[in-house]
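All remarks here apply to the structure that follows.
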Amino acid sequence: MKTYRKYPNTRLRRLRQSDAIISLLQESRLSKHDLIQPLFIAEQKEKATAIDSLPSVYRFNESGLIREIEELMKLGIYTVALFPSVDSSLKDPLGSFALKEENFLYKALNKISKEFPELITIADVALDPYTDHGHDGLFEDGKVLNDETVEILSSQSLMLADAGATILAPSDMMDGRVGVIRNALESNNFKDTLILSYAAKFCSQFYGPFRDAVGSKANLGNQGKTSYQINPSNIEEALQEVALDINEGADIVMVKPGMPYLDVLSKVKDTFNMPTFAYQVSGEYAMLHAAIQKGWLTQGVMIESLLCFKRAGADAILSYASKFIAEEYLDG
Ligand code: PBG
């Protein structure tokens with residue numbers, strides 16, 4: 001145990017006597033390079049439509065998406081995570097639209113990867129935006145099927161890679177999917193496609209507004225995702241999930257949600273020393289946003305919460321507030 005000099009040899013308030021000294025000694029910083037903006041894309045006439053439970057976040061059509069990406073890049077945000085919001089008439093029990101070439105997501109990805117070669121696109125790999133039951137995989141006799149789902153995720157991954165996705169992000173929590181996707185990429189000449197695994201994804205109530213945005217909430221009803229997402233109480237199991245995904249070929253691992261799970265983030269970073277992302281999920285954003293709107297909290301809580309992600313070990317952060325923070329606060 002390190003011995004510390006005692007008062008008055010040590011007066012920690014010397015370190016806090018001016019903004020300049022505080023800034024000089026600051027241990028963690030948040031920069032635009034750390035921020036990832038999640039974006040919802042839909043096939044619709046309007047360039048942008050509002051999402052009730054996610055204020056200031058929109059569903060974009062293709063031209064709205066392109067305009068939004070231009071604005072983000074001007075602000076210094078070069079990474080976006082794309083999620084499709086699919087009309088309910090296109091959903092079915094197998095999530096078939098996920099593997100259809102006419103899926104608007106593939107067209108949009110193709111277009112933006114050509115138009116913005118320096119943009120990093122993260123494409124979600126999961127079936128929940130496409131299934132009429134709202135689960136991330138095939139659902140039969142009250143069960144989500146693992147291996148059959150993984151086969152579909154593997155095909156979905158190849159289509160996303162082919163459309164130009166820089167990073168594939170399996171968010172479904174099926175067992176073994178990272179390995180199967182990695183093999184499929186290797187044998188189809190997509191050796192440079194990165195895999196960002198949602199490795200420690202907890203079965204959280206904080207995903208509610210996202211499920212509104214992609215229209216899976218009503219379909220899912222009271223059925224939770226307890227049979228595939230991690231119990232919020234379990235950190236050892238989360239570390240095991242991360243270890244497995246690294247072994248299977250993940251380049252980057254993610255912890256999700258963020259703020260209530262910073263202990264997991266810190267442990268994952270310390271244990272594996274891998275590139276590690278964290279996701280400030282929809283419910284965290286909605287909760288802070290609502291309190292700011294009511295005047296109960298100030299805007300600074302948003303940036304404080306993301307700075308704390310950095311302190312806990314995040315290399316980059318997915319946040320619905322990324323654009324707002326880059327606009328209002330960050331200069332570098
Ligand atoms: C599902 C997926 C979810 C999120 C990202 N991908 C929700 C879920 O697991 O139900 C949540 C993101 C958020 O709440 O912001 N494939």
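In the structure tokens, chains take letters A, B, ... by order of appearance, with residues numbered from 1 within each chain and ligands from 1 in the order shown.
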### Task
With only C-alpha atoms and all ligand atoms counted, collect every polymer residue having an atom within 6 Å of ligand 1; state the result as a list in words.
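Sorted by chain and then by number, the residues are Ala126, Asp128, Asp136, Ser171, Asp172, Tyr207, Phe210, Val281 and Ser282 of chain A.
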### Task
From the DSSP assignment of the backbone, select every residue of segment 2-242 of chain A that is helix (DSSP H, G or I), and format the answer as a PyMOL selection string.
chain A and resi 12-16+19-24+32-34+62-75+88-90+96-99+104-115+146-162+177-187+205-213+217-220+236-242
Can you pull out every residue within 10 Å of segment 91-103 of chain A, counting only C-alpha atoms, but drop anything in the same chain fewer than 2 positions away, and send it as a compact mmCIF listing (two decimals) with C-alpha atoms, in the first residue's frame?
# COMPACT_ATOMS: atom_id res chain seq x y z
CA GLU A 43 -38.22 4.24 -46.21
CA PRO A 84 -33.29 0.41 -39.90
CA VAL A 86 -38.91 -1.16 -41.05
CA ASP A 87 -42.60 -0.81 -41.93
CA SER A 88 -44.66 -3.43 -40.08
CA SER A 89 -46.01 -4.76 -43.39
CA LEU A 105 -30.66 -0.24 -45.70
CA TYR A 106 -28.33 -1.95 -48.19
CA LYS A 107 -29.04 0.69 -50.81
CA ALA A 108 -28.37 3.50 -48.36
CA VAL A 125 -26.37 -7.36 -37.09
CA ALA A 126 -29.62 -8.66 -35.56
CA LEU A 127 -33.12 -9.52 -36.66
CA ASP A 128 -35.27 -7.50 -34.26
CA PRO A 129 -36.02 -4.63 -36.68
CA TYR A 130 -37.34 -7.25 -39.13
CA THR A 131 -39.26 -9.83 -37.08
CA ASP A 132 -42.96 -9.46 -36.32
CA HIS A 133 -42.40 -10.86 -32.81
CA GLY A 134 -39.64 -8.34 -32.08
CA HIS A 135 -36.99 -10.88 -31.05
CA ASP A 136 -33.40 -10.74 -32.29
CA GLY A 137 -33.62 -14.23 -33.73
CA LEU A 138 -35.94 -16.94 -34.96
CA PHE A 139 -38.69 -17.70 -32.46
CA GLU A 140 -40.33 -21.10 -32.26
CA THR A 149 -30.40 -17.64 -36.08
CA ILE A 152 -29.07 -15.98 -40.87
CA LEU A 153 -26.88 -13.46 -39.05
CA SER A 155 -25.73 -14.10 -44.34
CA GLN A 156 -26.91 -10.70 -43.09
CA SER A 157 -23.29 -9.85 -42.22
CA LEU A 158 -22.05 -10.70 -45.70
CA MET A 159 -24.74 -8.52 -47.25
CA LEU A 160 -23.87 -5.61 -44.96
CA ALA A 163 -22.94 -2.97 -49.15
CA SER A 216 -40.26 -3.70 -32.04
Show which residues sit within 7 Å of segment 224-239 of chain A, as a compact mmCIF listing (two decimals) with N, CA, C and O atoms, in the first residue's frame. Count only C-alpha atoms, and ignore same-chain residues fewer than 3 positions away.
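Dumped everything to result33.txt:
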# COMPACT_ATOMS: atom_id res chain seq x y z
N MET A 173 -26.69 -11.26 -29.15
CA MET A 173 -26.33 -12.13 -28.02
C MET A 173 -26.60 -13.62 -28.25
O MET A 173 -26.74 -14.38 -27.27
N MET A 174 -26.62 -14.06 -29.50
CA MET A 174 -26.66 -15.51 -29.73
C MET A 174 -25.26 -16.07 -29.44
O MET A 174 -24.26 -15.38 -29.65
N ALA A 200 -20.96 -7.64 -23.98
CA ALA A 200 -21.62 -7.62 -22.67
C ALA A 200 -22.87 -6.78 -22.79
O ALA A 200 -22.90 -5.60 -22.48
N LYS A 201 -23.90 -7.41 -23.32
CA LYS A 201 -25.18 -6.71 -23.50
C LYS A 201 -26.18 -7.25 -22.48
O LYS A 201 -26.51 -8.44 -22.50
N PHE A 202 -26.62 -6.36 -21.64
CA PHE A 202 -27.48 -6.77 -20.53
C PHE A 202 -28.96 -6.68 -20.91
O PHE A 202 -29.35 -5.88 -21.75
N CYS A 203 -29.75 -7.50 -20.22
CA CYS A 203 -31.19 -7.52 -20.45
C CYS A 203 -31.78 -6.34 -19.67
O CYS A 203 -32.12 -6.45 -18.50
N SER A 204 -31.85 -5.21 -20.34
CA SER A 204 -32.10 -3.94 -19.65
C SER A 204 -33.45 -3.34 -20.00
O SER A 204 -33.93 -3.48 -21.12
N VAL A 242 -17.30 -11.64 -22.96
CA VAL A 242 -16.29 -10.84 -23.66
C VAL A 242 -15.12 -11.73 -24.09
O VAL A 242 -14.65 -11.67 -25.23
N ALA A 243 -14.68 -12.61 -23.17
CA ALA A 243 -13.56 -13.51 -23.49
C ALA A 243 -13.90 -14.38 -24.70
O ALA A 243 -13.08 -14.55 -25.62
N VAL A 264 -18.73 -2.64 -15.06
CA VAL A 264 -18.46 -3.70 -16.05
C VAL A 264 -17.48 -3.16 -17.10
O VAL A 264 -16.50 -3.84 -17.45
N VAL A 268 -13.88 -4.78 -17.88
CA VAL A 268 -13.61 -5.32 -19.21
C VAL A 268 -12.33 -4.70 -19.76
O VAL A 268 -11.44 -5.39 -20.28
### Query
Got a sec: who's within 10 Å of Gly76 of chain A, counting only C-alpha atoms, leaving out chain neighbours fewer than 5 positions off, as an MDAnalysis selection string?
chainID A and resid 31:33 35 70:71 323 326:327 330:332
### Message
Taking 2 positions as the minimum chain separation for residues in the same chain, which residues sit within 12 Å of Arg59 of chain A when counting only C-alpha atoms? Answer as a PyMOL selection string.
### Response
chain A and resi 38-52+54-57+61-65+68+82-86+210+212-215
Store the residues of this selection in a file with C-alpha atoms, as an mmCIF file, in the first residue's frame.
data_model
loop_
_atom_site.group_PDB
_atom_site.id
_atom_site.type_symbol
_atom_site.label_atom_id
_atom_site.label_comp_id
_atom_site.auth_asym_id
_atom_site.auth_seq_id
_atom_site.Cartn_x
_atom_site.Cartn_y
_atom_site.Cartn_z
ATOM 1 C CA PRO A 38 -26.567 6.281 -33.868
ATOM 2 C CA LEU A 39 -28.922 7.034 -36.774
ATOM 3 C CA PHE A 40 -32.291 5.535 -37.707
ATOM 4 C CA ILE A 41 -33.144 5.089 -41.348
ATOM 5 C CA ALA A 42 -36.600 4.451 -42.805
ATOM 6 C CA GLU A 43 -38.221 4.243 -46.209
ATOM 7 C CA GLN A 44 -40.453 7.310 -46.092
ATOM 8 C CA LYS A 45 -41.337 10.490 -47.990
ATOM 9 C CA GLU A 46 -40.262 12.880 -45.246
ATOM 10 C CA LYS A 47 -36.565 13.629 -44.839
ATOM 11 C CA ALA A 48 -36.910 13.303 -41.061
ATOM 12 C CA THR A 49 -39.662 12.191 -38.692
ATOM 13 C CA ALA A 50 -39.665 12.560 -34.906
ATOM 14 C CA ILE A 51 -39.560 9.681 -32.405
ATOM 15 C CA ASP A 52 -41.752 10.432 -29.366
ATOM 16 C CA LEU A 54 -36.353 9.963 -28.198
ATOM 17 C CA PRO A 55 -36.636 13.738 -28.454
ATOM 18 C CA SER A 56 -34.268 15.451 -30.953
ATOM 19 C CA VAL A 57 -33.532 12.070 -32.588
ATOM 20 C CA ASN A 61 -34.986 8.749 -45.317
ATOM 21 C CA GLU A 62 -31.980 8.297 -47.603
ATOM 22 C CA SER A 63 -31.594 11.945 -48.589
ATOM 23 C CA GLY A 64 -32.208 13.081 -44.995
ATOM 24 C CA LEU A 65 -29.536 10.621 -43.879
ATOM 25 C CA GLU A 68 -27.329 14.516 -41.545
ATOM 26 C CA LEU A 82 -27.110 2.646 -38.539
ATOM 27 C CA PHE A 83 -30.412 1.078 -37.510
ATOM 28 C CA PRO A 84 -33.286 0.411 -39.902
ATOM 29 C CA SER A 85 -36.859 1.238 -38.957
ATOM 30 C CA VAL A 86 -38.910 -1.160 -41.047
ATOM 31 C CA PHE A 210 -34.999 2.342 -29.114
ATOM 32 C CA ASP A 212 -40.175 2.495 -30.156
ATOM 33 C CA ALA A 213 -37.826 3.831 -32.811
ATOM 34 C CA VAL A 214 -37.474 0.532 -34.677
ATOM 35 C CA GLY A 215 -41.065 -0.496 -33.921
#
### Task
Give the strand (DSSP E) residues of segment 55-264 of chain A, as DSSP finds them on the backbone, and put them as a count of residues only.
37
### Summary
Counting only C-alpha atoms, closest pick from A:Phe60, A:Phe116, A:Tyr329, A:Phe272 relative to Asn247 of chain A is A:Phe272
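Taking atom CA of Pro260 of chain A and atom CA of Gln280 of chain A as the two end points, the separation is 9.6 Å.
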### Query
Which residue out of A:Glu284, A:Glu151, A:Asp315, A:Asp270 has the minimum interatomic distance to Ile252 of chain A when only C-alpha atoms are used?
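Once distances to Ile252 of chain A are computed over only C-alpha atoms, the minimum belongs to A:Asp315.
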### Query
Interatomic distance between atom CA of Ile122 of chain A and atom CA of Lys143 of chain A?
28.6 Å
### Task
For atom CA of Thr193 of chain A and atom CA of Gly164 of chain A, quote the distance in Å rounded to one decimal.
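A separation of 9.1 Å between them.
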### Message
My list of candidates is A:Val80, A:Leu194, A:Leu220, A:Ile66. Which is closest to Tyr320 of chain A when distances are computed with only C-alpha atoms?
### Response
A:Val80
